[in-house]
Every structure is written in structure tokens, then in C-alpha cells.
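**Q** Sharing my_file.cif (mmCIF, C-alpha atoms and all ligand atoms) below.
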```cif
data_coords
loop_
_atom_site.group_PDB
_atom_site.id
_atom_site.type_symbol
_atom_site.label_atom_id
_atom_site.label_comp_id
_atom_site.auth_asym_id
_atom_site.auth_seq_id
_atom_site.Cartn_x
_atom_site.Cartn_y
_atom_site.Cartn_z
ATOM 1 C CA MET F 1 33.027 52.442 151.434
ATOM 2 C CA GLY F 2 32.831 49.643 153.971
ATOM 3 C CA GLU F 3 36.329 48.467 152.958
ATOM 4 C CA ALA F 4 38.147 51.754 153.437
ATOM 5 C CA GLU F 5 37.259 52.084 157.092
ATOM 6 C CA PRO F 6 39.175 49.115 158.555
ATOM 7 C CA ARG F 7 42.295 49.968 156.511
ATOM 8 C CA ARG F 8 42.387 53.515 157.823
ATOM 9 C CA PHE F 9 41.831 52.243 161.350
ATOM 10 C CA ALA F 10 44.759 49.841 161.011
ATOM 11 C CA PHE F 11 46.962 52.678 159.796
ATOM 12 C CA VAL F 12 46.039 54.834 162.773
ATOM 13 C CA VAL F 13 46.788 51.997 165.201
ATOM 14 C CA ARG F 14 50.166 51.280 163.608
ATOM 15 C CA GLU F 15 51.175 54.923 163.799
ATOM 16 C CA ASP F 16 50.073 55.027 167.402
ATOM 17 C CA VAL F 17 52.153 51.983 168.292
ATOM 18 C CA THR F 18 55.187 53.489 166.559
ATOM 19 C CA ARG F 19 54.740 56.708 168.520
ATOM 20 C CA MET F 20 54.409 54.779 171.786
ATOM 21 C CA LEU F 21 57.566 52.771 171.086
ATOM 22 C CA THR F 22 59.456 55.948 170.157
ATOM 23 C CA GLN F 23 58.320 57.624 173.367
ATOM 24 C CA LYS F 24 59.274 54.554 175.409
ATOM 25 C CA ARG F 25 62.758 54.527 173.892
ATOM 26 C CA ALA F 26 63.150 58.281 174.366
ATOM 27 C CA ALA F 27 62.275 57.870 178.057
ATOM 28 C CA GLU F 28 64.687 54.935 178.439
ATOM 29 C CA LEU F 29 67.489 56.914 176.788
ATOM 30 C CA ALA F 30 66.780 60.019 178.880
ATOM 31 C CA ALA F 31 67.012 57.836 182.003
ATOM 32 C CA LEU F 32 70.656 57.125 181.103
ATOM 33 C CA GLN F 33 71.695 60.776 181.466
ATOM 34 C CA PRO F 34 72.655 60.496 185.183
ATOM 35 C CA LEU F 35 74.757 57.424 184.343
ATOM 36 C CA LEU F 36 76.545 59.309 181.533
ATOM 37 C CA GLU F 37 77.178 62.279 183.832
ATOM 38 C CA GLU F 38 78.431 60.018 186.629
ATOM 39 C CA GLN F 39 80.803 58.224 184.259
ATOM 40 C CA TYR F 40 82.037 61.579 182.946
ATOM 41 C CA GLN F 41 82.780 62.691 186.517
ATOM 42 C CA ILE F 42 84.554 59.416 187.388
ATOM 43 C CA HIS F 43 86.732 59.501 184.268
ATOM 44 C CA THR F 44 87.579 63.187 184.769
ATOM 45 C CA GLU F 45 88.812 62.415 188.296
ATOM 46 C CA ARG F 46 90.701 59.348 187.096
ATOM 47 C CA LEU F 47 92.428 61.349 184.353
ATOM 48 C CA ALA F 48 93.382 64.059 186.866
ATOM 49 C CA ALA F 49 94.874 61.430 189.189
ATOM 50 C CA TRP F 50 96.950 59.883 186.390
ATOM 51 C CA THR F 51 98.045 63.309 185.170
ATOM 52 C CA ALA F 52 99.254 64.102 188.686
ATOM 53 C CA GLN F 53 101.044 60.765 188.862
ATOM 54 C CA ALA F 54 102.676 61.270 185.465
ATOM 55 C CA SER F 55 103.998 64.702 186.404
ATOM 56 C CA SER F 56 105.101 63.685 189.918
ATOM 57 C CA GLY F 57 108.411 62.323 188.634
ATOM 58 C CA GLN F 58 107.707 59.169 190.649
ATOM 59 C CA ASP F 59 105.736 57.241 188.067
ATOM 60 C CA MET F 60 107.224 53.722 188.013
ATOM 61 C CA ASP F 61 105.576 52.847 184.717
ATOM 62 C CA PRO F 62 105.128 55.937 182.492
ATOM 63 C CA ALA F 63 104.161 53.881 179.407
ATOM 64 C CA THR F 64 101.262 52.195 181.197
ATOM 65 C CA THR F 65 100.109 55.488 182.705
ATOM 66 C CA ALA F 66 100.212 57.102 179.249
ATOM 67 C CA ALA F 67 98.148 54.246 177.763
ATOM 68 C CA LEU F 68 95.584 54.456 180.574
ATOM 69 C CA MET F 69 95.347 58.223 180.096
ATOM 70 C CA ALA F 70 94.797 57.831 176.354
ATOM 71 C CA THR F 71 91.974 55.309 176.927
ATOM 72 C CA CYS F 72 90.456 57.584 179.569
ATOM 73 C CA ARG F 73 90.539 60.609 177.200
ATOM 74 C CA LYS F 74 88.858 58.537 174.477
ATOM 75 C CA THR F 75 86.119 57.446 176.925
ATOM 76 C CA LEU F 76 85.634 61.069 178.039
ATOM 77 C CA ALA F 77 85.272 62.158 174.415
ATOM 78 C CA ASP F 78 82.691 59.390 173.785
ATOM 79 C CA LEU F 79 80.787 60.349 176.964
ATOM 80 C CA ALA F 80 80.766 64.049 175.988
ATOM 81 C CA SER F 81 79.551 63.114 172.517
ATOM 82 C CA ALA F 82 76.794 60.900 173.987
ATOM 83 C CA LEU F 83 75.643 63.723 176.305
ATOM 84 C CA ARG F 84 75.612 66.146 173.362
ATOM 85 C CA HIS F 85 73.637 63.671 171.225
ATOM 86 C CA LEU F 86 71.180 63.168 174.108
ATOM 87 C CA ALA F 87 70.598 66.925 174.284
ATOM 88 C CA GLU F 88 70.112 67.002 170.504
ATOM 89 C CA GLY F 89 67.708 64.051 170.577
ATOM 90 C CA ARG F 90 69.872 61.712 168.499
ATOM 91 C CA TYR F 91 71.548 59.705 171.261
ATOM 92 C CA GLY F 92 71.690 55.929 170.853
ATOM 93 C CA ASP F 93 71.818 55.692 167.066
ATOM 94 C CA CYS F 94 74.697 53.623 165.679
ATOM 95 C CA GLU F 95 77.156 55.966 163.947
ATOM 96 C CA CYS F 96 77.904 53.187 161.472
ATOM 97 C CA CYS F 97 74.553 51.775 160.284
ATOM 98 C CA GLY F 98 72.241 54.412 161.792
ATOM 99 C CA GLN F 99 70.072 51.803 163.532
ATOM 100 C CA PRO F 100 69.016 52.331 167.160
ATOM 101 C CA ILE F 101 71.495 50.731 169.566
ATOM 102 C CA PRO F 102 69.531 48.450 171.964
ATOM 103 C CA VAL F 103 68.929 50.134 175.340
ATOM 104 C CA GLU F 104 70.319 46.997 177.043
ATOM 105 C CA ARG F 105 73.707 47.720 175.439
ATOM 106 C CA LEU F 106 73.595 51.406 176.359
ATOM 107 C CA GLN F 107 72.771 50.529 179.970
ATOM 108 C CA ILE F 108 76.052 48.613 180.139
ATOM 109 C CA LEU F 109 78.102 50.938 177.921
ATOM 110 C CA PRO F 110 76.250 54.279 177.817
ATOM 111 C CA GLN F 111 78.904 55.920 175.634
ATOM 112 C CA ALA F 112 78.686 53.170 172.954
ATOM 113 C CA ARG F 113 78.870 54.748 169.477
ATOM 114 C CA ARG F 114 78.059 51.583 167.553
ATOM 115 C CA CYS F 115 75.730 48.601 167.741
ATOM 116 C CA VAL F 116 77.308 45.215 168.470
ATOM 117 C CA PRO F 117 77.308 43.936 164.830
ATOM 118 C CA CYS F 118 79.038 47.138 163.627
ATOM 119 C CA GLN F 119 81.453 47.093 166.582
ATOM 120 C CA GLN F 120 82.457 43.508 165.766
ATOM 121 C CA ARG F 121 82.900 44.172 162.052
ATOM 122 C CA PRO F 122 86.609 44.238 161.257
HETATM 123 ZN ZN ZN P 201 75.427 49.564 163.557
#
```
Produce C-alpha cells that represent the structure in this file.
Ligand SMILES: [Zn+2]
**A**
Amino acid sequence: MGEAEPRRFAFVVREDVTRMLTQKRAAELAALQPLLEEQYQIHTERLAAWTAQASSGQDMDPATTAALMATCRKTLADLASALRHLAEGRYGDCECCGQPIPVERLQILPQARRCVPCQQRP
């Protein structure tokens, strides 16, 4: 009887800590929404500018413009996906291993789809 009590207490504390950490991460991830939206806006404007340049007939380097536009479209797709995942409550999980991507990485690259180890895997 006297032994069961501390064990149950420990379980309750552990669950509480887990919930606190989950809430902390959720708040940190939610705080990245303005950054994601800002980046989406910036890349949309950038893509529009390059599209205008490409169709102006005065593009000195069409191959480079095309490459920049392709990268920009990819980033926009990643940003849209991140915003969708944020709304669905599954933003920040590595699409490769399923582990949470550290917030420090997402603060630098908010549209990151993978954690660093998975990203570096060939
Ligand atoms: Zn991973």
C-alpha cells in the first residue's frame, strides 16, 4: 500500500512534464506563423518579379531566371505545406523520420521538411 503511492505520483509528474513540454513546443511553433506568412509574401513577390522579367523579352540570362523561379516555386510549396501543417497541428515533424524538428532549425528555416540528420542523408 505504502509502495504504490510514490510510483503513481511519479507517473503523474512525468505526464505533467510531457504535457508542459508539448505545450511549450506548440507555442514556439505557433510563434513561427508570422515568419512563414512573411516568407510566403516575399517569395510570391519575388516570383512575380522574375515572371515579369522572363516575359519582358529583355531577360539577359533566361536560364538563370528559370532556375531562380524553380527554386522560388519549391520554397513557396514548402511554405504553403508548413502553414497547412501548422493549421492541422502537425507542423515541425520531420517527414522522413517523424521526429520533431528542433525549433532552433525552424526559426532559421521555417519551411524545413526534414531534420538535419535526415536532410544530410544521401
Ligand atoms: Zn528526420
**Q** Once the PyMOL selection byres (((not hetatm)) within 12 of (chain P and resi 201)) has been applied to the shown file, what residues remain in the selection, as JSON, numbers by chain?
**A** {"F": [92, 93, 94, 95, 96, 97, 98, 99, 100, 101, 102, 112, 113, 114, 115, 116, 117, 118, 119, 120, 121]}
**Q** Generate a file of the selected residues that holds C-alpha atoms, formatted as a compact mmCIF listing (two decimals), keeping the file's coordinate frame.
**A**
```
# COMPACT_ATOMS: atom_id res chain seq x y z
CA GLY F 92 71.69 55.93 170.85
CA ASP F 93 71.82 55.69 167.07
CA CYS F 94 74.70 53.62 165.68
CA GLU F 95 77.16 55.97 163.95
CA CYS F 96 77.90 53.19 161.47
CA CYS F 97 74.55 51.78 160.28
CA GLY F 98 72.24 54.41 161.79
CA GLN F 99 70.07 51.80 163.53
CA PRO F 100 69.02 52.33 167.16
CA ILE F 101 71.50 50.73 169.57
CA PRO F 102 69.53 48.45 171.96
CA ALA F 112 78.69 53.17 172.95
CA ARG F 113 78.87 54.75 169.48
CA ARG F 114 78.06 51.58 167.55
CA CYS F 115 75.73 48.60 167.74
CA VAL F 116 77.31 45.22 168.47
CA PRO F 117 77.31 43.94 164.83
CA CYS F 118 79.04 47.14 163.63
CA GLN F 119 81.45 47.09 166.58
CA GLN F 120 82.46 43.51 165.77
CA ARG F 121 82.90 44.17 162.05
```
**Q** I'd like to know which of F:Thr44, F:Thr18, F:Gln53, F:Gln58 is closest to F:Lys74, using all atoms listed in the file.
**A**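 Ranked by minimum distance to F:Lys74, first place goes to F:Thr44.
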**Q** Name every residue that the PyMOL selection byres (((chain F and resi 28) around 12) and not hetatm) selects in this structure, writing the answer as a ChimeraX atom specification with chains first and numbers rising.
**A** /F:21-27,29-35,86,91-92,101-107,110
**Q** Work out how far apart atom CA of F:Ala80 and atom CA of F:Ile42 are and give it in Å to one decimal.
**A**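 For atom CA of F:Ala80 relative to atom CA of F:Ile42, the distance reads 12.9 Å.
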**Q** Please indicate the distance in Å from atom CA of F:Arg90 to atom CA of F:Arg19, rounded to one decimal place.
**A**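 Computed distance, atom CA of F:Arg90 to atom CA of F:Arg19, equals 15.9 Å.
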**Q** Just checking: using all atoms listed in the file, which residue out of F:Glu15, F:Thr75, F:His85, F:Ile108 ends up closest to F:Gln41?
**A**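 The closest residue to F:Gln41 is F:Thr75.
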**Q** For the atom pair atom CA of F:Met20 and atom CA of F:Glu37, what is the interatomic distance in Å to one decimal place?
**A**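 Taking atom CA of F:Met20 and atom CA of F:Glu37, their separation equals 26.8 Å.
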